[in-house]
>>> print(open('model.txt').read())   # compact mmCIF, C-alpha atoms
# COMPACT_ATOMS: atom_id res chain seq x y z
CA MET A 157 0.00 0.00 0.00
CA LYS A 158 1.32 3.45 -0.85
CA LYS A 159 2.24 5.96 1.81
CA ILE A 160 -0.78 7.91 3.04
CA MET A 161 0.14 9.12 6.53
CA TYR A 162 2.77 11.85 6.67
CA SER A 163 4.61 13.73 9.37
CA LEU A 164 4.20 17.49 9.68
CA ASP A 165 7.52 18.11 7.91
CA GLU A 166 6.78 15.65 5.12
CA THR A 167 3.38 17.25 4.56
CA ALA A 168 4.93 20.72 4.51
CA ASN A 169 7.35 19.56 1.80
CA LEU A 170 4.47 18.19 -0.28
CA ILE A 171 2.66 21.52 0.06
CA ARG A 172 5.77 23.42 -1.01
CA SER A 173 5.96 21.25 -4.14
CA GLY A 174 2.68 22.89 -5.20
CA ARG A 175 0.55 19.75 -5.25
CA PHE A 176 -3.19 19.97 -4.57
CA LEU A 177 -3.92 18.11 -1.34
CA ALA A 178 -6.87 17.23 0.89
CA LEU A 179 -5.56 16.87 4.44
CA ALA A 180 -6.93 15.48 7.69
CA ALA A 181 -5.18 15.96 11.03
CA ASP A 182 -5.48 17.32 14.51
CA GLU A 183 -6.04 21.09 14.62
CA ALA A 184 -2.62 21.78 16.18
CA VAL A 185 -0.93 20.08 13.21
CA LEU A 186 -3.01 21.80 10.53
CA ARG A 187 -2.23 25.18 12.10
CA GLN A 188 1.52 24.62 11.56
CA LEU A 189 1.32 23.81 7.85
CA PRO A 190 2.57 26.32 5.29
CA ILE A 191 0.25 28.16 2.94
CA GLY A 192 -0.38 26.30 -0.31
CA ASN A 193 -2.79 24.35 -2.48
CA TRP A 194 -4.52 22.39 0.24
CA ILE A 195 -7.78 22.03 2.08
CA GLY A 196 -8.01 20.40 5.48
CA GLY A 197 -10.29 19.31 8.24
CA THR A 198 -9.74 18.38 11.85
CA ILE A 199 -9.93 14.72 12.83
CA PRO A 200 -7.40 12.49 14.61
CA TYR A 201 -8.82 9.11 13.47
CA PHE A 202 -7.62 7.47 10.30
CA MET A 203 -7.49 4.40 8.13
CA GLY A 204 -3.85 4.54 7.14
CA GLU A 205 -1.42 2.17 5.49
CA GLN A 206 -0.89 0.69 8.97
CA GLY A 207 -4.64 0.11 9.50
CA GLY A 208 -7.09 2.02 11.66
CA PHE A 209 -5.51 4.24 14.29
CA ALA A 210 -5.67 7.56 16.13
CA SER A 211 -2.92 10.16 16.00
CA ARG A 212 -2.60 13.77 17.07
CA GLU A 213 0.68 14.11 15.14
CA LEU A 214 0.31 12.54 11.69
CA VAL A 215 -1.50 13.91 8.64
CA HIS A 216 -3.65 11.89 6.26
CA VAL A 217 -2.83 13.12 2.77
CA THR A 218 -5.04 12.67 -0.27
CA ASP A 219 -2.85 13.81 -3.13
CA LEU A 220 -5.24 15.02 -5.83
CA GLY A 221 -2.97 16.54 -8.44
CA ALA A 222 0.14 18.44 -9.42
CA ALA A 223 0.57 22.20 -9.58
CA GLY A 224 -0.93 23.52 -12.79
CA CYS A 225 -3.66 20.87 -13.00
CA GLY A 226 -6.31 23.56 -12.98
CA ALA A 227 -7.79 22.79 -9.57
CA ARG A 228 -9.45 25.56 -7.54
CA ILE A 229 -9.96 26.00 -3.82
CA VAL A 230 -13.14 27.80 -2.77
CA GLU A 231 -14.62 28.65 0.63
CA TYR A 232 -18.36 28.32 1.16
CA ASP A 233 -20.89 29.77 3.55
CA ALA A 234 -24.63 29.25 3.87
CA ALA A 235 -25.34 31.66 1.03
CA THR A 236 -22.87 30.18 -1.46
CA LEU A 237 -22.88 26.45 -0.70
CA PRO A 238 -26.12 25.73 -2.64
CA GLY A 239 -24.25 26.91 -5.76
CA ILE A 240 -21.30 24.57 -5.30
CA ALA A 241 -22.11 22.54 -8.40
CA ALA A 242 -21.99 25.68 -10.54
CA ASP A 243 -18.42 26.27 -9.35
CA ALA A 244 -17.37 22.70 -10.14
CA PRO A 245 -15.69 21.98 -13.47
CA GLU A 246 -17.91 20.67 -16.26
CA ASN A 247 -15.91 17.43 -16.13
CA GLY A 248 -14.21 16.67 -12.85
CA TYR A 249 -15.10 16.37 -9.21
CA THR A 250 -15.24 18.28 -5.93
CA VAL A 251 -13.94 17.40 -2.46
CA LEU A 252 -15.84 19.32 0.25
CA ILE A 253 -15.08 19.53 3.99
CA LEU A 254 -17.56 20.98 6.49
CA PRO A 255 -17.19 21.46 10.26
CA ALA A 256 -19.42 19.16 12.34
CA GLN A 257 -22.40 20.68 14.13
CA SER A 258 -21.98 24.02 12.37
CA PRO A 259 -25.10 25.62 10.87
CA LEU A 260 -23.54 24.91 7.47
CA HIS A 261 -23.30 21.18 8.26
CA LEU A 262 -26.96 21.15 9.29
CA ALA A 263 -28.03 23.13 6.23
CA PHE A 264 -26.11 20.84 3.87
CA ALA A 265 -27.57 17.76 5.55
CA GLY A 266 -31.10 19.03 5.15
CA HIS A 267 -30.95 20.54 1.69
CA ALA A 268 -28.04 19.18 -0.39
CA GLU A 269 -30.31 17.07 -2.54
CA GLU A 270 -32.08 20.26 -3.65
CA TYR A 271 -28.86 21.89 -4.91
CA GLU A 272 -28.93 22.73 -8.61
CA ASP A 273 -27.08 20.25 -10.84
CA LEU A 274 -25.76 18.40 -7.77
CA PHE A 275 -25.80 14.97 -9.38
CA LEU A 276 -24.14 16.16 -12.58
CA LYS A 277 -21.00 17.27 -10.70
CA PRO A 278 -19.51 14.47 -8.58
CA LEU A 279 -19.23 15.60 -4.96
CA VAL A 280 -17.42 13.76 -2.17
CA GLY A 281 -15.99 14.86 1.14
CA TRP A 282 -16.42 14.64 4.85
CA ILE A 283 -17.45 16.31 8.07
CA ALA A 284 -14.57 17.45 10.27
CA GLY A 285 -14.58 16.31 13.89
CA VAL A 286 -12.46 16.15 17.01
CA HIS A 287 -10.89 13.57 19.28
CA LEU A 288 -13.70 11.95 21.27
CA ASP A 289 -11.92 12.95 24.50
CA ASP A 290 -12.19 16.60 23.40
CA LEU A 291 -15.87 16.76 22.47
CA ALA A 292 -16.67 19.16 25.32
CA SER A 293 -13.61 21.36 24.91
CA THR A 294 -12.81 21.66 21.19
CA SER A 295 -14.78 22.39 18.05
CA PRO A 296 -14.17 20.93 14.60
CA ARG A 297 -12.58 23.24 12.03
CA VAL A 298 -11.88 23.27 8.34
CA PHE A 299 -8.81 24.95 6.83
CA ASN A 300 -8.24 26.80 3.60
CA GLY A 301 -4.58 26.20 2.76
CA LEU A 302 -4.47 29.27 0.52
CA THR A 303 -4.76 31.43 3.66
CA GLY A 304 -3.82 28.92 6.37
CA GLN A 305 -6.94 30.03 8.25
CA GLY A 306 -9.25 27.65 10.08
CA SER A 307 -13.00 28.13 10.31
CA LEU A 308 -15.65 26.87 12.70
CA GLY A 309 -18.50 27.80 10.41
CA ASP A 310 -17.50 27.86 6.76
CA GLY A 311 -16.78 24.98 4.41
CA VAL A 312 -13.92 24.57 1.97
CA ALA A 313 -13.84 22.72 -1.32
CA LEU A 314 -11.29 21.68 -3.88
CA HIS A 315 -12.66 21.58 -7.43
CA MET A 316 -10.62 19.26 -9.64
CA PRO A 317 -11.02 19.20 -13.44
CA LEU A 318 -10.41 16.02 -15.42
CA PRO A 319 -9.29 15.57 -19.04
CA ALA A 320 -11.92 14.66 -21.63
CA GLY A 321 -11.06 10.97 -21.58
CA GLN A 322 -11.82 10.54 -17.88
CA VAL A 323 -14.89 10.79 -15.68
CA ALA A 324 -15.30 10.73 -11.89
CA VAL A 325 -17.70 8.27 -10.30
CA VAL A 326 -18.87 8.41 -6.67
CA ARG A 327 -19.45 5.07 -4.99
CA ILE A 328 -20.21 3.83 -1.49
CA LEU A 329 -19.68 0.68 0.53
CA ASN A 330 -22.39 0.27 3.14
CA LEU A 331 -22.40 -2.68 5.52
CA PHE A 332 -26.00 -2.03 6.42
CA ARG A 333 -29.16 -3.14 4.65
CA GLN A 334 -32.77 -2.53 5.56
CA GLY A 335 -33.94 -5.25 7.95
CA GLN A 336 -37.29 -6.99 7.81
CA GLY A 337 -38.77 -5.05 10.73
CA ASP A 338 -41.27 -2.23 11.04
CA VAL A 339 -41.64 0.54 8.49
CA LEU A 340 -40.78 3.82 10.23
CA SER A 341 -41.69 7.32 9.11
CA PHE A 342 -41.58 10.76 10.65
CA PRO A 343 -43.93 13.75 10.46
CA ARG A 344 -41.21 16.29 9.65
CA ASP A 345 -37.58 16.56 8.54
CA GLY A 346 -34.91 16.88 11.21
CA PHE A 347 -31.92 15.64 13.17
CA ALA A 348 -34.09 15.17 16.28
CA VAL A 349 -37.44 13.44 16.46
CA THR A 350 -40.11 12.76 19.04
CA ASP A 351 -43.10 11.57 17.01
CA CYS A 352 -43.02 8.80 14.45
CA ARG A 353 -45.25 6.32 12.70
CA VAL A 354 -44.61 2.61 13.06
CA ASN A 355 -46.26 0.77 10.18
CA GLY A 356 -48.51 3.81 9.89
CA LYS A 357 -49.46 3.94 13.59
CA ALA A 358 -48.49 7.02 15.64
CA ALA A 359 -45.91 6.48 18.40
CA ASN A 360 -43.16 8.18 20.37
CA PHE A 361 -39.91 7.19 18.72
CA ALA A 362 -37.77 7.04 21.88
CA GLN A 363 -40.31 4.75 23.51
CA TYR A 364 -40.45 2.63 20.38
CA VAL A 365 -36.65 2.29 20.32
CA ARG A 366 -36.72 1.05 23.90
CA GLU A 367 -39.72 -1.25 23.58
CA ALA A 368 -38.57 -2.76 20.30
CA GLY A 369 -35.06 -3.17 21.74
CA LEU A 370 -33.39 -1.52 18.74
CA ASP A 371 -29.59 -1.77 18.74
CA THR A 372 -28.66 1.88 18.19
CA ALA A 373 -25.24 0.90 16.84
CA ARG A 374 -27.19 0.00 13.72
CA PRO A 375 -28.71 2.88 11.76
CA LEU A 376 -32.10 3.46 10.24
CA VAL A 377 -31.83 2.71 6.54
CA ALA A 378 -33.73 4.18 3.60
CA ASP A 379 -33.82 2.69 0.13
CA TYR A 380 -32.88 5.21 -2.57
CA ASN A 381 -33.56 3.14 -5.68
CA GLY A 382 -31.29 0.39 -4.45
CA ALA A 383 -28.77 2.57 -2.59
CA GLN A 384 -29.00 1.92 1.13
CA ILE A 385 -28.78 5.31 2.85
CA ASN A 386 -28.17 5.32 6.62
CA VAL A 387 -29.25 7.66 9.38
CA SER A 388 -27.23 6.92 12.52
CA PHE A 389 -28.41 7.21 16.10
CA GLN A 390 -26.64 9.79 18.27
CA SER A 391 -28.69 9.52 21.46
CA VAL A 392 -32.01 8.33 22.87
CA ASP A 393 -33.49 10.50 25.63
CA LEU A 394 -36.31 8.53 27.22
CA GLU A 395 -37.16 11.30 29.69
CA ARG A 396 -37.83 13.81 26.92
CA GLY A 397 -39.00 11.16 24.48
CA ARG A 398 -36.51 12.42 21.95
CA VAL A 399 -34.06 10.71 19.61
CA GLN A 400 -31.11 12.56 18.09
CA PHE A 401 -29.51 11.44 14.81
CA TYR A 402 -26.24 12.24 13.05
CA ALA A 403 -28.14 13.08 9.84
CA PRO A 404 -31.69 14.25 9.28
CA VAL A 405 -34.62 11.98 8.65
CA PHE A 406 -36.99 13.19 5.95
CA ALA A 407 -40.77 13.22 6.24
CA ASP A 408 -41.37 11.72 2.81
CA ILE A 409 -38.96 8.80 3.23
CA GLU A 410 -39.67 5.40 4.80
CA TYR A 411 -37.02 3.80 6.99
CA ARG A 412 -36.34 0.42 8.54
CA HIS A 413 -33.86 -0.48 11.22
CA ALA A 414 -30.74 -2.06 9.70
CA ALA A 415 -30.27 -5.81 9.69
CA PRO A 416 -27.47 -7.09 11.95
CA VAL A 417 -23.90 -7.05 10.65
CA GLY A 418 -21.43 -9.74 11.65
CA ASP A 419 -17.72 -8.92 11.56
CA TYR A 420 -17.24 -5.44 10.06
CA VAL A 421 -13.84 -6.25 8.54
CA GLN A 422 -15.08 -9.46 6.92
CA GLU A 423 -18.13 -7.64 5.57
CA PHE A 424 -15.98 -4.82 4.18
CA ASP A 425 -13.65 -7.39 2.63
CA LEU A 426 -16.57 -9.10 0.90
CA GLN A 427 -17.85 -5.83 -0.53
CA ILE A 428 -14.38 -4.68 -1.54
CA ALA A 429 -13.76 -7.97 -3.35
CA ALA A 430 -17.02 -7.47 -5.25
CA HIS A 431 -16.14 -3.88 -6.18
CA PRO A 432 -12.37 -3.63 -6.69
CA ALA A 433 -11.41 0.02 -7.13
CA GLN A 434 -8.56 2.47 -7.36
CA ALA A 435 -9.91 5.29 -5.25
CA ALA A 436 -8.75 8.85 -5.88
CA PHE A 437 -10.44 9.77 -2.60
CA SER A 438 -12.01 7.78 0.22
CA CYS A 439 -13.22 8.25 3.77
CA ASN A 440 -15.10 6.20 6.32
CA CYS A 441 -17.20 6.86 9.39
CA ILE A 442 -16.03 7.22 12.98
CA LEU A 443 -18.96 4.98 13.97
CA ASN A 444 -17.67 2.18 11.77
CA TYR A 445 -14.25 2.72 13.41
CA LEU A 446 -15.80 2.48 16.88
CA TYR A 447 -18.55 -0.12 16.48
CA GLY A 448 -16.50 -2.19 14.02
CA GLU A 449 -13.40 -1.98 16.24
CA LEU A 450 -11.33 -1.09 13.19
CA GLU A 451 -8.29 0.03 15.18
CA GLY A 452 -5.33 -1.95 13.83
CA LYS A 453 -7.43 -3.41 11.03
CA HIS A 454 -7.67 -2.67 7.32
CA THR A 455 -10.53 -2.05 4.91
CA GLY A 456 -8.79 -3.39 1.82
CA GLU A 457 -6.88 -0.67 0.00
CA PHE A 458 -9.27 2.02 1.18
CA THR A 459 -7.74 4.62 3.47
CA GLY A 460 -8.91 8.01 4.66
CA PRO A 461 -10.09 10.02 7.62
CA MET A 462 -12.63 8.35 9.92
CA THR A 463 -15.12 11.15 9.98
CA PHE A 464 -18.12 12.71 11.70
CA GLY A 465 -20.10 12.30 8.48
CA GLU A 466 -19.36 11.37 4.91
CA ILE A 467 -20.32 13.25 1.77
CA GLY A 468 -21.35 11.32 -1.30
CA TYR A 469 -23.44 14.00 -3.03
CA ALA A 470 -25.41 14.29 0.24
CA LEU A 471 -24.56 13.70 3.89
CA LEU A 472 -24.14 9.99 4.64
CA ASN A 473 -23.61 8.08 7.89
CA GLN A 474 -21.76 4.84 8.70
CA THR A 475 -20.69 4.57 5.08
CA LEU A 476 -17.38 4.22 3.25
CA VAL A 477 -17.41 6.79 0.43
CA TYR A 478 -14.96 6.70 -2.44
CA LEU A 479 -14.38 8.37 -5.77
CA GLU A 480 -12.96 6.63 -8.80
CA VAL A 481 -11.62 8.25 -11.93
CA VAL A 482 -12.41 5.98 -14.86
CA ALA A 483 -11.99 6.08 -18.62
CA ASN A 484 -14.89 7.78 -20.39
CA GLY A 485 -15.47 5.90 -23.59
CA MET B 595 -16.58 -1.16 -30.68
CA SER B 596 -18.72 -2.11 -33.67
CA LEU B 597 -21.83 -0.15 -34.58
CA GLN B 598 -24.02 -3.02 -33.33
CA GLU B 599 -22.33 -2.95 -29.92
CA ALA B 600 -22.62 0.76 -29.37
CA THR B 601 -25.11 1.87 -26.73
CA LEU B 602 -27.50 4.54 -27.92
CA ILE B 603 -29.20 6.91 -25.53
CA PRO B 604 -32.89 7.34 -26.42
CA ASP B 605 -33.80 10.77 -27.70
CA ILE B 606 -35.06 13.33 -25.20
CA SER B 607 -38.57 12.92 -26.67
CA HIS B 608 -38.64 9.18 -25.85
CA PRO B 609 -41.28 8.36 -23.18
CA CYS B 610 -38.72 6.38 -21.15
CA TRP B 611 -37.41 9.60 -19.59
CA ARG B 612 -40.77 10.70 -18.25
CA ASN B 613 -41.52 7.16 -17.13
CA LEU B 614 -38.16 6.93 -15.37
CA ALA B 615 -38.65 10.28 -13.64
CA SER B 616 -42.14 9.39 -12.44
CA GLY B 617 -41.14 5.92 -11.26
CA LYS B 618 -43.35 4.12 -13.81
CA LEU B 619 -40.16 2.68 -15.25
CA THR B 620 -37.79 1.18 -12.69
CA LEU B 621 -34.15 0.58 -13.34
CA GLU B 622 -31.64 -1.57 -11.51
CA THR B 623 -28.37 0.28 -11.03
CA GLN B 624 -25.36 0.35 -8.75
CA PHE B 625 -24.50 3.90 -9.81
CA LEU B 626 -24.96 6.09 -6.71
CA GLY B 627 -25.50 9.32 -8.61
CA LEU B 628 -28.29 7.75 -10.66
CA GLN B 629 -29.88 6.13 -7.62
CA MET B 630 -29.93 9.45 -5.82
CA ILE B 631 -31.13 11.61 -8.71
CA LEU B 632 -33.96 9.14 -9.34
CA LYS B 633 -34.98 9.34 -5.69
CA ARG B 634 -34.88 13.13 -5.80
CA GLN B 635 -37.04 13.25 -8.92
CA GLN B 636 -39.58 10.84 -7.46
CA ARG B 637 -39.75 12.78 -4.17
CA ARG B 638 -40.28 16.07 -6.00
CA LEU B 639 -42.90 14.68 -8.35
CA SER B 640 -44.81 12.85 -5.62
CA ALA B 641 -45.26 16.22 -3.91
CA GLY B 642 -47.87 17.06 -6.56
CA SER B 643 -45.84 18.79 -9.27
CA GLY B 644 -47.35 19.27 -12.70
CA ASP B 645 -46.43 18.26 -16.22
CA ALA B 646 -43.77 20.94 -16.56
CA ALA B 647 -41.95 19.52 -13.53
CA LEU B 648 -42.16 16.02 -14.99
CA GLN B 649 -40.71 17.25 -18.27
CA GLU B 650 -37.92 19.07 -16.44
CA ALA B 651 -37.11 15.91 -14.46
CA ALA B 652 -37.09 13.89 -17.68
CA GLU B 653 -34.67 16.35 -19.28
CA GLN B 654 -32.38 16.23 -16.24
CA LEU B 655 -32.27 12.45 -16.41
CA HIS B 656 -31.49 12.56 -20.13
CA GLY B 657 -28.65 14.99 -19.42
CA PHE B 658 -27.33 12.71 -16.68
CA PHE B 659 -27.25 9.73 -19.05
CA VAL B 660 -25.51 11.78 -21.73
CA LYS B 661 -22.81 12.81 -19.27
CA TYR B 662 -22.26 9.29 -17.92
CA GLU B 663 -22.97 7.32 -21.10
CA ALA B 664 -19.69 5.43 -20.93
CA VAL B 665 -20.34 4.01 -17.46
CA LEU B 666 -24.09 3.48 -17.81
CA ALA B 667 -24.07 0.99 -20.68
CA ASN B 668 -26.16 -1.60 -18.82
CA GLU B 669 -28.67 0.98 -17.65
CA ILE B 670 -29.05 2.39 -21.16
CA LYS B 671 -29.83 -1.08 -22.48
CA SER B 672 -32.64 -1.30 -19.90
CA LEU B 673 -34.38 1.89 -21.00
>>> encode(input="model.txt", output="structure tokens")
Amino acid sequence: MKKIMYSLDETANLIRSGRFLALAADEAVLRQLPIGNWIGGTIPYFMGEQGGFASRELVHVTDLGAAGCGARIVEYDAATLPGIAADAPENGYTVLILPAQSPLHLAFAGHAEEYEDLFLKPLVGWIAGVHLDDLASTSPRVFNGLTGQGSLGDGVALHMPLPAGQVAVVRILNLFRQGQGDVLSFPRDGFAVTDCRVNGKAANFAQYVREAGLDTARPLVADYNGAQINVSFQSVDLERGRVQFYAPVFADIEYRHAAPVGDYVQEFDLQIAAHPAQAAFSCNCILNYLYGELEGKHTGEFTGPMTFGEIGYALLNQTLVYLEVVANG
Amino acid sequence: MSLQEATLIPDISHPCWRNLASGKLTLETQFLGLQMILKRQQRRLSAGSGDAALQEAAEQLHGFFVKYEAVLANEIKSL
């Protein structure tokens, strides 16, 4: 496997060479990097060449292209993010990083699918996070390497053009499938729910989770024309009757609780064998890292930050997202 | 590739695009972008949109297939 994890000095040298990079590291490391053609997000969990691990010193480097390749780095706020596809090259792809729990993260999660031309311009990326020990004391940030500045609220994207003979394809590996249980729906969109319908019958969702004995390590899953799209549980508050998710549920979508998964690594290996790929970009979910006990283990050739949310056109949960560049014709 | 082997995308006026957008025509695909754009179209149209919205959705799907023709050969054969 090629080198993916770099020291601060090694990363600085890569930046000075002018290459376009997407970086993931602890905030203290990103702050020390020189100005250059890079975007970055905070996270100290990785799938590296040595397997899954946590580090506050090393940098995960996705090397996207050489100086002069025509890539552009653009910052986004709530007003400009819906136009991200218009900024993307006609043929190419975009890597986007957003800070977790920022208003921009929430807005993207709720409305990305409405963005103009979204599915005509391949979009991947991830949600920046923090070390789980620092959740109460630190906030996720994204960095624009052109200025070296970090932001708690804005997003940053790298738009990469491709030559005419190539096309970018976004793919996912999801261990979860809809189970055979109840059909669940919700009266309104949102990250937090109280009311729900279980097979059409009104109920409190927190009570339902308890009474049905749902394993909250497994997400709710929606079927998007064959794509299994997860919504992961963050917390269940029985006193307030409220369930919090890591992505919004939508009122016009039906969900089922995911079927059980055996060994995460074996399941990833099976899916990877069925879909061999040379990924130009990949990331995976911190929940897969935690629940799948991926520390010290590999997910085939796929590396990347273990994130607080994955972007494959829209916000995804508990999903390995990757982007392939393939011949077009 | 011989002429017989080439995949041909149906013209924008072909009813398959409106049928695909409305969900009357279903298509098996592993292509995430197509899966998600189909879901978006069906969600929008089920909200009670009119014929103009259906035509717009059909045109968007046609444009998607034109862009990704090389990697959607199996899907094009199913149209």
>>> residues_around(input="model.txt", residues="Thr463 in chain A", least_positions_apart="4", cutoff="9 Å", atoms="all atoms listed in the file", output="list in words")
Ile199, Tyr201, Phe202, Trp282, Ile283, Ala284, Gly285, Cys439, Asn440, Cys441, Ile442 and Leu443 of chain A
>>> closest_residue(input="model.txt", among="B:Lys671, B:His656, B:Arg612, B:Lys661", to="Leu639 in chain B", atoms="only C-alpha atoms")
B:Arg612
>>> residues_near_point(input="model.txt", point="(-14.8, 6.7, -10.1)", cutoff="10 Å", atoms="only C-alpha atoms", output="MDAnalysis selection string")
(chainID A and resid 249 278 322:327 433:437 478:483) or (chainID B and resid 665)
>>> residues_around(input="model.txt", residues="Asp408 in chain A", least_positions_apart="6", cutoff="10 Å", atoms="only C-alpha atoms", output="PDB file with C-alpha atoms, in the frame of the given file")
ATOM      1  CA  SER A 341     -41.690   7.320   9.110  1.00  0.00           C
ATOM      2  CA  PHE A 342     -41.580  10.760  10.650  1.00  0.00           C
ATOM      3  CA  PRO A 343     -43.930  13.750  10.460  1.00  0.00           C
ATOM      4  CA  ARG A 344     -41.210  16.290   9.650  1.00  0.00           C
ATOM      5  CA  ASP A 345     -37.580  16.560   8.540  1.00  0.00           C
TER       6      ASP A 345
ATOM      7  CA  ARG B 637     -39.750  12.780  -4.170  1.00  0.00           C
ATOM      8  CA  ARG B 638     -40.280  16.070  -6.000  1.00  0.00           C
ATOM      9  CA  SER B 640     -44.810  12.850  -5.620  1.00  0.00           C
ATOM     10  CA  ALA B 641     -45.260  16.220  -3.910  1.00  0.00           C
TER      11      ALA B 641
END
>>> interface_residues(input="model.txt", of="chain B", to="chain A", cutoff="10 Å", atoms="only C-alpha atoms", output="PyMOL selection string")
chain B and resi 617+620-634+636-638+640-641+654-655+657-659+661-665
>>> atom_distance(input="model.txt", atom1="CA of Gln422 in chain A", atom2="CA of Arg333 in chain A")
15.6 Å
